[in-house]
>>> print(open('structure.cif').read())   # mmCIF, C-alpha atoms
data_coords
#
loop_
_atom_site.group_PDB
_atom_site.id
_atom_site.type_symbol
_atom_site.label_atom_id
_atom_site.label_comp_id
_atom_site.auth_asym_id
_atom_site.auth_seq_id
_atom_site.Cartn_x
_atom_site.Cartn_y
_atom_site.Cartn_z
ATOM 1 C CA MET G 24 0.000 0.000 0.000
ATOM 2 C CA GLU G 25 1.362 3.392 -1.031
ATOM 3 C CA THR G 26 1.450 6.175 1.538
ATOM 4 C CA ILE G 27 0.137 9.578 0.548
ATOM 5 C CA LYS G 28 2.746 12.316 0.712
ATOM 6 C CA ARG G 29 1.613 15.060 3.095
ATOM 7 C CA TYR G 30 2.620 18.679 2.698
ATOM 8 C CA GLN G 31 2.768 21.273 5.424
ATOM 9 C CA VAL G 32 0.562 24.274 4.581
ATOM 10 C CA GLU G 33 2.110 27.669 5.343
ATOM 11 C CA ILE G 34 0.043 30.826 4.876
ATOM 12 C CA THR G 35 2.240 33.862 4.235
ATOM 13 C CA LEU G 36 1.735 37.021 6.260
ATOM 14 C CA GLN G 37 0.330 38.866 3.247
ATOM 15 C CA ALA G 38 -2.065 36.001 2.496
ATOM 16 C CA LYS G 39 -3.269 36.078 6.111
ATOM 17 C CA PHE G 40 -3.988 39.784 5.686
ATOM 18 C CA HIS G 41 -6.127 39.093 2.589
ATOM 19 C CA TYR G 42 -7.808 36.146 4.306
ATOM 20 C CA PHE G 43 -8.897 38.377 7.196
ATOM 21 C CA GLU G 44 -10.122 41.027 4.729
ATOM 22 C CA ILE G 45 -12.378 38.382 3.203
ATOM 23 C CA LEU G 46 -13.607 37.273 6.626
ATOM 24 C CA GLU G 47 -14.372 40.887 7.492
ATOM 25 C CA TYR G 48 -16.452 41.138 4.326
ATOM 26 C CA PHE G 49 -18.294 37.903 5.173
ATOM 27 C CA TYR G 50 -19.172 39.074 8.684
ATOM 28 C CA GLU G 51 -20.265 42.547 7.507
ATOM 29 C CA HIS G 52 -22.513 41.336 4.677
ATOM 30 C CA MET G 53 -23.863 37.978 5.849
ATOM 31 C CA SER G 54 -25.490 36.513 8.888
ATOM 32 C CA TYR G 55 -23.114 35.362 11.591
ATOM 33 C CA ASP G 56 -23.852 31.675 10.930
ATOM 34 C CA SER G 57 -23.388 32.000 7.163
ATOM 35 C CA ALA G 58 -20.150 33.968 7.576
ATOM 36 C CA ALA G 59 -18.773 31.450 10.073
ATOM 37 C CA LYS G 60 -19.643 28.566 7.737
ATOM 38 C CA LYS G 61 -17.923 30.256 4.790
ATOM 39 C CA ALA G 62 -14.866 31.089 6.902
ATOM 40 C CA ASP G 63 -14.592 27.428 7.914
ATOM 41 C CA GLU G 64 -15.039 26.217 4.334
ATOM 42 C CA LEU G 65 -12.374 28.590 3.011
ATOM 43 C CA TYR G 66 -9.949 27.486 5.716
ATOM 44 C CA ASP G 67 -10.731 23.797 5.108
ATOM 45 C CA ILE G 68 -10.055 24.089 1.371
ATOM 46 C CA THR G 69 -6.767 25.800 2.159
ATOM 47 C CA THR G 70 -5.632 23.137 4.603
ATOM 48 C CA SER G 71 -6.704 20.420 2.163
ATOM 49 C CA LEU G 72 -3.488 21.270 0.303
ATOM 50 C CA GLU G 73 -1.802 18.898 2.752
ATOM 51 C CA THR G 74 -2.782 16.085 0.414
ATOM 52 C CA LEU G 75 -2.748 16.267 -3.381
ATOM 53 C CA PRO G 76 -1.537 19.875 -3.593
ATOM 54 C CA GLU G 77 -0.788 19.580 -7.307
ATOM 55 C CA ARG G 78 -4.503 19.388 -8.113
ATOM 56 C CA GLY G 79 -4.741 23.179 -8.470
ATOM 57 C CA GLN G 80 -4.600 24.842 -11.864
ATOM 58 C CA ILE G 81 -1.511 26.802 -12.895
ATOM 59 C CA GLU G 82 -1.860 30.561 -12.245
ATOM 60 C CA LEU G 83 -0.715 31.977 -15.589
ATOM 61 C CA THR G 84 -0.420 35.579 -14.386
ATOM 62 C CA LEU G 85 2.406 34.550 -12.021
ATOM 63 C CA GLN G 86 4.479 32.481 -14.458
ATOM 64 C CA HIS G 87 7.168 35.184 -14.447
ATOM 65 C CA LEU G 88 8.011 34.242 -10.826
ATOM 66 C CA GLN G 89 8.938 30.721 -11.995
ATOM 67 C CA LYS G 90 7.526 29.020 -8.907
ATOM 68 C CA GLU G 91 4.653 27.308 -10.727
ATOM 69 C CA HIS G 92 1.967 29.087 -8.698
ATOM 70 C CA ARG G 93 -1.333 27.261 -8.657
ATOM 71 C CA TYR G 94 -4.802 28.047 -7.404
ATOM 72 C CA LEU G 95 -7.919 26.434 -6.024
ATOM 73 C CA LEU G 96 -11.307 28.108 -6.314
ATOM 74 C CA TYR G 97 -13.771 28.651 -3.504
ATOM 75 C CA GLN G 98 -17.296 29.673 -4.529
ATOM 76 C CA SER G 99 -18.300 31.992 -1.662
ATOM 77 C CA THR G 100 -21.606 33.112 -3.235
ATOM 78 C CA SER G 101 -23.379 32.509 -6.527
ATOM 79 C CA ARG G 102 -21.520 35.516 -7.983
ATOM 80 C CA SER G 103 -18.299 35.524 -5.988
ATOM 81 C CA THR G 104 -15.296 33.226 -6.206
ATOM 82 C CA ILE G 105 -12.017 33.358 -4.314
ATOM 83 C CA LYS G 106 -8.724 32.096 -5.717
ATOM 84 C CA ILE G 107 -6.492 30.457 -3.145
ATOM 85 C CA ILE G 108 -3.082 31.036 -4.746
ATOM 86 C CA TYR G 109 -0.090 28.965 -3.677
ATOM 87 C CA PHE G 110 3.160 27.363 -4.780
ATOM 88 C CA LEU G 111 4.897 24.184 -3.716
ATOM 89 C CA ASP G 112 8.306 23.572 -2.240
ATOM 90 C CA LYS G 113 8.451 19.925 -3.263
ATOM 91 C CA GLU G 114 11.797 19.315 -1.618
ATOM 92 C CA GLY G 115 10.657 20.674 1.742
ATOM 93 C CA GLU G 116 7.109 19.362 1.210
ATOM 94 C CA VAL G 117 5.511 22.735 1.957
ATOM 95 C CA ALA G 118 2.591 24.421 0.206
ATOM 96 C CA TYR G 119 2.968 28.202 0.571
ATOM 97 C CA VAL G 120 -0.339 30.041 0.275
ATOM 98 C CA THR G 121 0.414 33.528 -1.023
ATOM 99 C CA ASP G 122 -3.019 35.045 -1.636
ATOM 100 C CA PHE G 123 -6.774 34.817 -1.214
ATOM 101 C CA PHE G 124 -7.883 36.724 -4.305
ATOM 102 C CA PRO G 125 -11.544 37.642 -4.971
ATOM 103 C CA THR G 126 -11.988 37.013 -8.701
ATOM 104 C CA GLU G 127 -14.248 40.028 -9.151
ATOM 105 C CA MET G 128 -11.145 42.186 -8.624
ATOM 106 C CA ASP G 129 -9.008 43.198 -11.597
ATOM 107 C CA GLU G 130 -6.808 40.195 -12.522
ATOM 108 C CA LYS G 131 -3.860 42.565 -13.036
ATOM 109 C CA LYS G 132 -3.721 43.057 -9.263
ATOM 110 C CA ILE G 133 -2.608 39.439 -8.757
ATOM 111 C CA LYS G 134 0.904 40.323 -9.927
ATOM 112 C CA ALA G 135 1.218 43.249 -7.544
ATOM 113 C CA ARG G 136 -0.107 41.238 -4.604
ATOM 114 C CA ASN G 137 2.229 38.294 -5.256
ATOM 115 C CA SER G 138 5.541 39.844 -6.249
#
>>> encode(input="structure.cif", output="structure tokens")
Amino acid sequence: METIKRYQVEITLQAKFHYFEILEYFYEHMSYDSAAKKADELYDITTSLETLPERGQIELTLQHLQKEHRYLLYQSTSRSTIKIIYFLDKEGEVAYVTDFFPTEMDEKKIKARNS
């Protein structure tokens, strides 16, 4: 039986900042229960990178950084999606989450937020 390789998930300081911005939005615009549920779901998707972290799609706007950034999508509402952007340190077995990016924002801002 083959063991599944587990990665450590590290959320960068800047990504934590954006994560808390999103939580603030949830709690200001939704009921407490709905916001708490969405906060848990977003966190759970992020920590799910421990196993099968390569399942995310390549983030083309960050190819210039040559770290093979990837992203997972979280559908927070019917009209709002959040990209969980990360890259892998395969040698150290760490998934570094660098951003929580609301897709309704201008895609050009991804570069500035992840340089």
>>> resolve_selection(input="structure.cif", expression="the PyMOL selection byres ((chain G and resi 81) around 12)", output="ChimeraX atom specification")
/G:76-80,82-86,89-96,106-111
>>> atom_distance(input="structure.cif", atom1="atom CA of His87 of chain G", atom2="atom CA of Leu65 of chain G")
27.0 Å
>>> residues_near_point(input="structure.cif", point="(0.9, 28.7, 4.3)", cutoff="10 Å", atoms="all atoms listed in the file", output="list of chain:residue names")
G:Gln31, G:Val32, G:Glu33, G:Ile34, G:Thr35, G:Leu36, G:Ala38, G:Lys39, G:Thr69, G:Thr70, G:Leu72, G:Tyr109, G:Phe110, G:Val117, G:Ala118, G:Tyr119, G:Val120, G:Thr121, G:Asp122
>>> write_last_selection(input="structure.cif", atoms="C-alpha atoms", output="PDB file, keeping the file's coordinate frame")
ATOM      1  CA  GLN G  31       2.768  21.273   5.424  1.00  0.00           C
ATOM      2  CA  VAL G  32       0.562  24.274   4.581  1.00  0.00           C
ATOM      3  CA  GLU G  33       2.110  27.669   5.343  1.00  0.00           C
ATOM      4  CA  ILE G  34       0.043  30.826   4.876  1.00  0.00           C
ATOM      5  CA  THR G  35       2.240  33.862   4.235  1.00  0.00           C
ATOM      6  CA  LEU G  36       1.735  37.021   6.260  1.00  0.00           C
ATOM      7  CA  ALA G  38      -2.065  36.001   2.496  1.00  0.00           C
ATOM      8  CA  LYS G  39      -3.269  36.078   6.111  1.00  0.00           C
ATOM      9  CA  THR G  69      -6.767  25.800   2.159  1.00  0.00           C
ATOM     10  CA  THR G  70      -5.632  23.137   4.603  1.00  0.00           C
ATOM     11  CA  LEU G  72      -3.488  21.270   0.303  1.00  0.00           C
ATOM     12  CA  TYR G 109      -0.090  28.965  -3.677  1.00  0.00           C
ATOM     13  CA  PHE G 110       3.160  27.363  -4.780  1.00  0.00           C
ATOM     14  CA  VAL G 117       5.511  22.735   1.957  1.00  0.00           C
ATOM     15  CA  ALA G 118       2.591  24.421   0.206  1.00  0.00           C
ATOM     16  CA  TYR G 119       2.968  28.202   0.571  1.00  0.00           C
ATOM     17  CA  VAL G 120      -0.339  30.041   0.275  1.00  0.00           C
ATOM     18  CA  THR G 121       0.414  33.528  -1.023  1.00  0.00           C
ATOM     19  CA  ASP G 122      -3.019  35.045  -1.636  1.00  0.00           C
TER      20      ASP G 122
END
>>> resolve_selection(input="structure.cif", expression="the PyMOL selection byres ((chain G and resi 125) around 8)", output="ChimeraX atom specification")
/G:103-106,123-124,126-128
>>> atom_distance(input="structure.cif", atom1="atom CA of Ile45 of chain G", atom2="atom CA of Glu130 of chain G")
16.8 Å
>>> atom_distance(input="structure.cif", atom1="atom CA of Ala59 of chain G", atom2="atom CA of His41 of chain G")
16.6 Å
>>> residues_around(input="structure.cif", residues="Glu47 of chain G", least_positions_apart="5", cutoff="12 Å", atoms="all atoms listed in the file", output="ChimeraX atom specification")
/G:40-42,52-53,55,58-59,61-62
>>> closest_residue(input="structure.cif", among="G:Ile68, G:Phe49, G:Asp112, G:Ala135", to="Tyr30 of chain G", atoms="all atoms listed in the file")
G:Asp112
>>> closest_residue(input="structure.cif", among="G:Asp63, G:Asp129, G:Lys113, G:Leu75", to="Tyr97 of chain G", atoms="only C-alpha atoms")
G:Asp63
